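One structure is given below, encoded as structure tokens.
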Amino acid sequence: MKRGVLSMLVAGLAVLALMMVPVAVAAKEIKAGFIYVSPVGDAGWSRAHDDGRRAIEALDGVETTFVESVSEGPDSERVLLNMARRGHNLIFATSFGFMDSVIKVAAQFPDVVFMHCSGYKLAENVGTYFGRMYQPRYLSGMVAGAMTESNILGYVAAFPIPEVIRGINAFTLGAQAVNPDVQVRVVWSSTWYDPALEKEAANSLLDVGADVIAMHQDSPGPQVAAQERGVYSIGYNTDMSAFAPDAHLTAPIWNWSVVYKDVVQQVKDGTWASESIWWGLDRELVGLAPFGPMVPQDIQEAVLAKKEEIRSGETDVFIGPVLDQQGEVRIPEGVRATDEEMLAMDWFVQGVVGATR
Amino acid sequence: MRLIRVTKRTEPLGWGSVLVFCAALGLSLSLACAALAVQGVAPLRALALLWEGGFGSVWSLEDSLRKAIPIYLCALGVSFTFRMQIWNIGAEGQFALGAIGAAWAVLTFPHLSAVALLPLMMLSAGAAGAFWALIPALTKVRLGVNEIISTLMLNYIGILLLNYLVYGPWRDPGGRGFPMTMEYPAAAQIGMLGGTRLHWGLVLCVVLSVLAWLFLNKTRLGYEIRASGESLRTARYAFMPYGFLVFLVMGICGMLAGWAGFVETSAVAHRLQPSILVGYGYTAIVVAWVARLKIGPMALAAFLLAGLRVGVEVLQLELRVPAAFGHILEGLVLLTVLAGQFFHYYRLRLEWPGQRAEGR
């Protein structure tokens, strides 16, 4: 009787011990976990990341899993923990708010590689990655500036964080490059994904005379608003033309598979080391969706020429002189903004109508 | 032809309620399994994973308990007001204010030691939460404003206040413009219990449960709260201080929800940020009603619901079941369990026509 209990205990412990042996022993097989802040079904942010996930799943020796709709608070820590416990050796955390949780969990699993999108905290086994979305934003601003007749562009924005502010500024500078009289009116939706509310926000901009709507959220709501009101729109994240075929001029888009393939290869080869990736048009991490048929040929060519100049590094978006809303010089003549300055941007350029708070 | 006759129960259901609960759970889980089978997912494996992920290991038990703590504290709070038939749905805003109160203490006195700082945070969190709850209490008692509206509206104001603070004056200067306060110093963090992932908030839950039970069942005020809930007119006839009781239960609720916000920011998030608000204040309302406002069952319901949410994540990870399935499952469970409460208050009898019920 006692012996039976004892052997059961030993068997139980053996099973436990087996579970604790890292799966990584099977040499270079990648089990990559993705954690998303929103559902992947949309055409937005998480969908763009999930397209990247599918691209690496197609590779040999790569298995992927994902958990969607994880809120950015304490819940994310548990999901990351569960991934690490369940033998993932590479984890992609695809939203800024996962940052603290990534750092906490990574400290407990030194053999797991963590890649955190859009954050700024690094560790031995934590790297960060993001894209210079401001580059295609600038290009989409050129398109919008050329197509507007009222000279009022509407911009439905999520939250006043540097990423969004940087995008609005780049868009405005692009529009001003082809149309100096243009103004960009900003409405904060305080949402990342709320199709109805974001559509209403777009409508409010249309009501004050905007005739091109740009956006920084994950739902196609603003696109639908533009389509219904017969004006133009600029999408975001992925090609959103399916939602607004008559309105969609183009969209600055993500191509995360570039980073994901690269990181997977490095982890496979054992060459991965913690770093901050911030690639742009040069590595095609960001890009521009195909132009809608309403965009005239000469505008298309001008935009593509500019794209090539930025891609080659010949020029960039935030080169002085750049003035803020009060007319103060923020970037002096001929000076390129540093990455640090761009990543902490909390002021609007001249020509933006709205407040950064 | 037989008829089904519904009659009101005179005797409490007793242990039969466990049977009703299990039947409801079984029904909702089988419906969920059917939905999974239609999607081509093996239902039994899904159930096994759900169990494993939510309750089946030390890890998952820790995770579920951790998640249950703020839900339970809010549920305990709202149960006080519901007992008096005060329809307070403001726990979410009171939670936010509690988190704000705790953050105020940390940011104002960042160099205090844990012995001084943690009690101060608890005090300011409880006071802020209670203050937020006393506003609708005042408007109800003095002006007759419907508390459903006022508490709901104050949720939005509380959340916006939190957003204003973390986007504005309290924003971490080293946070690159992101909406959050600085990370709390170690002295402002509630510690873990031994080597587990469970924190002292769990102990707080146990202590508060005992105190709540003693207060409700062994004190005169507790008796008056229960009596006013049963019948307002009787309470007035007995000269019970109705207005005072409204203030009291609202204040208690605000304090408890505020403490939930304190515990969640201090022990888990380690800073104030908008993403600590994930609707625990609303979940708490459902938990309170599923458990029919009883303290033990509320703790159990909070734990089971937390485990369900935790388990669904594992289901996503292993079977690629969409996150929406979690909401469907949760909805089914709550709906069947709440519907099952019909049997607490009524009984069904089969009857032949002509055989008039003798017990009417």
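So you can find residues: chains in the structure tokens are A, B, ... in the order shown, residues in each start at 1, and ligands are numbered from 1 in order.
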
What are the DSSP helix (DSSP H, G or I) residues of segment 159-267 of chain A, as an MDAnalysis selection string? chainID A and resid 162:178 195:207 221:229 257:267

Please report as a tab-separated table every residue of chain A lying within 7 Å of chain B, along with the nearest atom pair and their distance in Å (one decimal), using only C-alpha atoms.
```
residue	atom	partner	partner_atom	distance
A:Thr65	CA	B:Leu317	CA	5.7
A:Phe66	CA	B:Leu317	CA	5.7
A:Val67	CA	B:Gln316	CA	5.7
A:Glu68	CA	B:Ala323	CA	6.1
A:Ser69	CA	B:Ala323	CA	6.4
A:Ser71	CA	B:Ser275	CA	6.9
A:Glu72	CA	B:Ser275	CA	5.6
A:Gly73	CA	B:Ser275	CA	4.8
A:Pro74	CA	B:Ala269	CA	5.8
A:Arg78	CA	B:Asp63	CA	7.0
A:Ile161	CA	B:Phe178	CA	5.6
A:Pro162	CA	B:Gly177	CA	6.2
A:Ala344	CA	B:Arg176	CA	5.0
A:Asp346	CA	B:Gly177	CA	6.9
```

Between B:Met121, B:Ile328, B:Ile71, B:Leu350, single out the one closest to Gly279 of chain B, counting only C-alpha atoms.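 Of B:Met121, B:Ile328, B:Ile71, B:Leu350, the one nearest Gly279 of chain B, counting only C-alpha atoms, is B:Ile71.
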
Compile the contact shell of Leu204 of chain B as a ChimeraX atom specification: residues with an atom at most 12 Å away, counting only C-alpha atoms, same-chain residues fewer than 3 positions apart removed. /B:69-70,72-73,122,190,193,198-201,207-212,256,259-260,262-263

Would you mind exporting C-alpha atoms of the selected residues as a short mmCIF file (atom, residue, chain, number, x, y, z; two decimals), in the first residue's frame?
```cif
data_model
loop_
_atom_site.label_atom_id
_atom_site.label_comp_id
_atom_site.auth_asym_id
_atom_site.auth_seq_id
_atom_site.Cartn_x
_atom_site.Cartn_y
_atom_site.Cartn_z
CA ILE B 69 -8.42 38.88 -6.45
CA PRO B 70 -9.50 42.24 -7.97
CA TYR B 72 -13.60 39.38 -5.85
CA LEU B 73 -12.82 42.61 -4.00
CA MET B 122 -4.12 51.65 1.23
CA ILE B 190 2.95 44.46 -2.32
CA LEU B 193 3.63 35.02 -0.58
CA LEU B 198 0.47 34.96 -5.25
CA HIS B 199 0.65 38.25 -3.41
CA TRP B 200 -0.58 39.52 -0.07
CA GLY B 201 -3.74 40.81 -1.73
CA VAL B 207 -9.40 39.04 6.14
CA LEU B 208 -11.96 41.33 4.50
CA SER B 209 -14.31 38.40 3.85
CA VAL B 210 -14.29 37.46 7.54
CA LEU B 211 -14.81 41.08 8.57
CA ALA B 212 -17.63 41.50 6.06
CA LEU B 256 -13.29 47.80 -1.41
CA TRP B 259 -8.48 48.59 -2.66
CA ALA B 260 -8.85 46.33 -5.67
CA PHE B 262 -4.57 49.56 -5.14
CA VAL B 263 -3.74 45.85 -5.07
#
```

In Å to one decimal, how far is atom CA of Ala301 of chain B from atom CA of Cys33 of chain B?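 Taking atom CA of Cys33 of chain B and atom CA of Ala301 of chain B, their separation equals 21.3 Å.
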
Which residues come within 10 Å of Thr191 of chain A, counting only C-alpha atoms, excluding same-chain residues fewer than 3 positions away, as a ChimeraX atom specification? /A:157-159,188,194-195,197-198,216-219

Applying 10 Å and only C-alpha atoms, which residues near Pro222 of chain A remain after dropping the ones on its own chain fewer than 5 positions away? List them as a PyMOL selection string. chain A and resi 154-156+195-203+213-217+227-228+233-235+243-244

Quick one: residues within 10 Å of segment 175-187 of chain A, only C-alpha atoms, excluding same-chain residues fewer than 6 positions away - as a PyMOL selection string? chain A and resi 137-159+168-169+198+201-202+204-205+208-210+212-215+299+302-303+350-356

Generate a file of the selected residues that holds N, CA and C atoms, formatted as a tab-separated table (two decimals), in the first residue's frame.
```
chain	number	residue	atom	x	y	z
A	137	ARG	N	4.21	57.31	-44.28
A	137	ARG	CA	3.20	58.31	-43.87
A	137	ARG	C	3.43	59.60	-44.66
A	138	TYR	N	4.68	59.99	-44.77
A	138	TYR	CA	5.03	61.20	-45.53
A	138	TYR	C	4.56	61.06	-46.98
A	139	LEU	N	4.84	59.89	-47.56
A	139	LEU	CA	4.44	59.67	-48.95
A	139	LEU	C	2.93	59.72	-49.11
A	140	SER	N	2.21	59.12	-48.14
A	140	SER	CA	0.74	59.15	-48.24
A	140	SER	C	0.24	60.58	-48.06
A	141	GLY	N	0.97	61.38	-47.26
A	141	GLY	CA	0.63	62.80	-47.11
A	141	GLY	C	0.76	63.54	-48.43
A	142	MET	N	1.79	63.19	-49.22
A	142	MET	CA	1.95	63.80	-50.54
A	142	MET	C	0.73	63.53	-51.41
A	143	VAL	N	0.28	62.27	-51.39
A	143	VAL	CA	-0.90	61.90	-52.20
A	143	VAL	C	-2.11	62.71	-51.75
A	144	ALA	N	-2.33	62.74	-50.40
A	144	ALA	CA	-3.49	63.45	-49.87
A	144	ALA	C	-3.42	64.93	-50.20
A	145	GLY	N	-2.24	65.53	-50.04
A	145	GLY	CA	-2.06	66.95	-50.31
A	145	GLY	C	-2.34	67.29	-51.77
A	146	ALA	N	-2.01	66.36	-52.65
A	146	ALA	CA	-2.24	66.60	-54.07
A	146	ALA	C	-3.69	66.41	-54.47
A	147	MET	N	-4.41	65.58	-53.75
A	147	MET	CA	-5.77	65.24	-54.15
A	147	MET	C	-6.83	66.15	-53.51
A	148	THR	N	-6.48	66.84	-52.43
A	148	THR	CA	-7.49	67.64	-51.73
A	148	THR	C	-7.88	68.87	-52.55
A	149	GLU	N	-9.15	69.23	-52.43
A	149	GLU	CA	-9.60	70.48	-53.05
A	149	GLU	C	-9.91	71.53	-52.00
A	150	SER	N	-10.37	71.08	-50.84
A	150	SER	CA	-10.69	72.03	-49.77
A	150	SER	C	-9.45	72.45	-48.98
A	151	ASN	N	-8.34	71.79	-49.23
A	151	ASN	CA	-7.10	72.02	-48.48
A	151	ASN	C	-7.24	71.70	-46.99
A	152	ILE	N	-8.24	70.91	-46.65
A	152	ILE	CA	-8.36	70.43	-45.27
A	152	ILE	C	-8.28	68.91	-45.29
A	153	LEU	N	-7.28	68.38	-44.61
A	153	LEU	CA	-7.14	66.94	-44.50
A	153	LEU	C	-7.57	66.54	-43.09
A	154	GLY	N	-8.34	65.47	-42.98
A	154	GLY	CA	-8.77	65.00	-41.66
A	154	GLY	C	-7.92	63.82	-41.23
A	155	TYR	N	-7.59	63.78	-39.95
A	155	TYR	CA	-6.73	62.70	-39.45
A	155	TYR	C	-7.37	62.15	-38.18
A	156	VAL	N	-7.88	60.92	-38.24
A	156	VAL	CA	-8.48	60.29	-37.07
A	156	VAL	C	-7.37	59.52	-36.35
A	157	ALA	N	-7.01	59.98	-35.16
A	157	ALA	CA	-5.84	59.41	-34.48
A	157	ALA	C	-6.25	58.74	-33.19
A	158	ALA	N	-5.44	57.78	-32.77
A	158	ALA	CA	-5.80	56.96	-31.61
A	158	ALA	C	-5.49	57.67	-30.29
A	159	PHE	N	-4.22	57.71	-29.93
A	159	PHE	CA	-3.82	58.31	-28.65
A	159	PHE	C	-2.62	59.22	-28.89
A	168	ILE	N	1.47	61.78	-37.67
A	168	ILE	CA	0.69	62.95	-38.09
A	168	ILE	C	1.64	64.02	-38.65
A	169	ASN	N	2.77	64.22	-37.97
A	169	ASN	CA	3.74	65.21	-38.44
A	169	ASN	C	4.29	64.85	-39.82
A	198	GLU	N	-14.79	55.23	-34.53
A	198	GLU	CA	-13.77	55.80	-35.41
A	198	GLU	C	-14.41	56.32	-36.70
A	201	ALA	N	-15.86	59.62	-35.78
A	201	ALA	CA	-14.80	60.62	-35.68
A	201	ALA	C	-14.45	61.14	-37.07
A	202	ALA	N	-14.39	60.22	-38.04
A	202	ALA	CA	-14.11	60.62	-39.42
A	202	ALA	C	-15.22	61.53	-39.94
A	204	SER	N	-17.04	63.53	-38.26
A	204	SER	CA	-16.94	64.87	-37.65
A	204	SER	C	-15.92	65.71	-38.41
A	205	LEU	N	-14.88	65.06	-38.92
A	205	LEU	CA	-13.88	65.79	-39.71
A	205	LEU	C	-14.43	66.17	-41.08
A	208	VAL	N	-16.43	69.34	-41.01
A	208	VAL	CA	-15.76	70.63	-41.00
A	208	VAL	C	-14.99	70.86	-42.29
A	209	GLY	N	-15.29	70.08	-43.31
A	209	GLY	CA	-14.76	70.40	-44.63
A	209	GLY	C	-13.59	69.56	-45.12
A	210	ALA	N	-13.17	68.59	-44.33
A	210	ALA	CA	-12.07	67.74	-44.80
A	210	ALA	C	-12.55	66.92	-46.00
A	212	VAL	N	-10.13	64.59	-47.51
A	212	VAL	CA	-9.34	63.36	-47.49
A	212	VAL	C	-9.20	62.96	-46.02
A	213	ILE	N	-9.47	61.68	-45.72
A	213	ILE	CA	-9.40	61.20	-44.33
A	213	ILE	C	-8.22	60.23	-44.20
A	214	ALA	N	-7.33	60.56	-43.28
A	214	ALA	CA	-6.27	59.62	-42.94
A	214	ALA	C	-6.54	59.11	-41.53
A	215	MET	N	-5.85	58.03	-41.15
A	215	MET	CA	-6.21	57.42	-39.87
A	215	MET	C	-5.03	56.73	-39.22
A	299	ILE	N	1.22	62.34	-60.18
A	299	ILE	CA	1.34	62.31	-58.72
A	299	ILE	C	2.00	60.99	-58.30
A	302	ALA	N	5.67	61.23	-58.90
A	302	ALA	CA	6.37	62.10	-57.94
A	302	ALA	C	6.55	61.39	-56.60
A	303	VAL	N	5.49	60.69	-56.16
A	303	VAL	CA	5.55	59.99	-54.88
A	303	VAL	C	6.57	58.87	-54.92
A	350	GLN	N	3.92	72.80	-37.66
A	350	GLN	CA	3.04	73.88	-38.11
A	350	GLN	C	2.13	73.35	-39.22
A	351	GLY	N	0.86	73.73	-39.14
A	351	GLY	CA	-0.08	73.25	-40.15
A	351	GLY	C	-1.03	72.19	-39.60
A	352	VAL	N	-0.71	71.65	-38.42
A	352	VAL	CA	-1.62	70.70	-37.78
A	352	VAL	C	-2.58	71.49	-36.90
A	353	VAL	N	-3.88	71.19	-37.02
A	353	VAL	CA	-4.86	71.82	-36.15
A	353	VAL	C	-5.32	70.76	-35.16
A	354	GLY	N	-4.94	70.96	-33.89
A	354	GLY	CA	-5.28	69.98	-32.86
A	354	GLY	C	-4.29	70.11	-31.73
A	355	ALA	N	-4.53	69.39	-30.64
A	355	ALA	CA	-3.64	69.47	-29.48
A	355	ALA	C	-3.02	68.11	-29.22
A	356	THR	N	-1.78	68.13	-28.74
A	356	THR	CA	-1.10	66.86	-28.48
A	356	THR	C	-1.47	66.28	-27.13
```

Ser57 of chain B environment, 12 Å, only C-alpha atoms, sequence neighbours closer than 6 positions dropped, as an MDAnalysis selection string: (chainID A and resid 16 82) or (chainID B and resid 49:51 63:64 307 311)

Grab the atom CA of Asp298 of chain A to atom CA of Leu285 of chain A distance for me, in Å with one decimal place.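 These atoms are spaced 25.8 Å apart.
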
Go through segment 93-227 of chain A and collect every residue that DSSP, computed from the backbone, puts in strand (DSSP E or B); the answer should be as a ChimeraX atom specification. /A:93,113-117,123,126-131,152-157,183-188,212-216

Write a file of the selected residues as a PDB file, in the first residue's frame, keeping C-alpha atoms.
```pdb
ATOM      1  CA  ALA A  93       5.095  40.684 -28.126  1.00  0.00           C
ATOM      2  CA  VAL A 113      14.334  35.001 -26.948  1.00  0.00           C
ATOM      3  CA  PHE A 114      11.791  37.814 -26.541  1.00  0.00           C
ATOM      4  CA  MET A 115      11.190  40.414 -29.232  1.00  0.00           C
ATOM      5  CA  HIS A 116       9.081  43.383 -28.219  1.00  0.00           C
ATOM      6  CA  CYS A 117       7.503  45.624 -30.825  1.00  0.00           C
ATOM      7  CA  ALA A 123      17.702  42.912 -21.794  1.00  0.00           C
ATOM      8  CA  VAL A 126      14.980  40.921 -25.025  1.00  0.00           C
ATOM      9  CA  GLY A 127      15.284  42.828 -28.283  1.00  0.00           C
ATOM     10  CA  THR A 128      12.954  45.442 -29.715  1.00  0.00           C
ATOM     11  CA  TYR A 129      11.716  46.035 -33.250  1.00  0.00           C
ATOM     12  CA  PHE A 130       9.716  48.706 -34.973  1.00  0.00           C
ATOM     13  CA  GLY A 131       9.472  50.333 -38.371  1.00  0.00           C
ATOM     14  CA  ILE A 152      -8.365  70.430 -45.267  1.00  0.00           C
ATOM     15  CA  LEU A 153      -7.144  66.935 -44.499  1.00  0.00           C
ATOM     16  CA  GLY A 154      -8.775  64.995 -41.664  1.00  0.00           C
ATOM     17  CA  TYR A 155      -6.734  62.704 -39.455  1.00  0.00           C
ATOM     18  CA  VAL A 156      -8.476  60.288 -37.067  1.00  0.00           C
ATOM     19  CA  ALA A 157      -5.844  59.414 -34.482  1.00  0.00           C
ATOM     20  CA  GLN A 183      -3.966  72.047 -43.005  1.00  0.00           C
ATOM     21  CA  VAL A 184      -4.364  68.756 -41.141  1.00  0.00           C
ATOM     22  CA  ARG A 185      -7.143  68.580 -38.576  1.00  0.00           C
ATOM     23  CA  VAL A 186      -6.708  65.935 -35.888  1.00  0.00           C
ATOM     24  CA  VAL A 187      -9.406  64.184 -33.868  1.00  0.00           C
ATOM     25  CA  TRP A 188      -8.428  61.793 -31.051  1.00  0.00           C
ATOM     26  CA  VAL A 212      -9.343  63.357 -47.489  1.00  0.00           C
ATOM     27  CA  ILE A 213      -9.396  61.197 -44.334  1.00  0.00           C
ATOM     28  CA  ALA A 214      -6.272  59.622 -42.935  1.00  0.00           C
ATOM     29  CA  MET A 215      -6.209  57.424 -39.868  1.00  0.00           C
ATOM     30  CA  HIS A 216      -4.156  55.784 -37.186  1.00  0.00           C
TER      31      HIS A 216
END
```

So, counting only C-alpha atoms, which residue among A:Phe109, A:Trp272, A:Tyr236, A:Phe348 is closest to Leu288 of chain A?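 Of A:Phe109, A:Trp272, A:Tyr236, A:Phe348, the one nearest Leu288 of chain A, counting only C-alpha atoms, is A:Tyr236.
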
Pick out the closest residue to Glu92 of chain B from this set: B:Ser231, B:Thr283, B:Thr10, B:Ser17. Count only C-alpha atoms.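 Between B:Ser231, B:Thr283, B:Thr10, B:Ser17, the residue approaching Glu92 of chain B most closely is B:Thr283.
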
Using atom CA of Gln325 of chain A and atom CA of Thr338 of chain A as the two end points, give the distance in Å to one decimal.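 That distance, rounded to one decimal, is 20.2 Å.
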
Looking at B:Val6, B:Leu47, B:Ile285, B:Met240, which one is nearest to Tyr223 of chain B, with distances taken over only C-alpha atoms? B:Met240
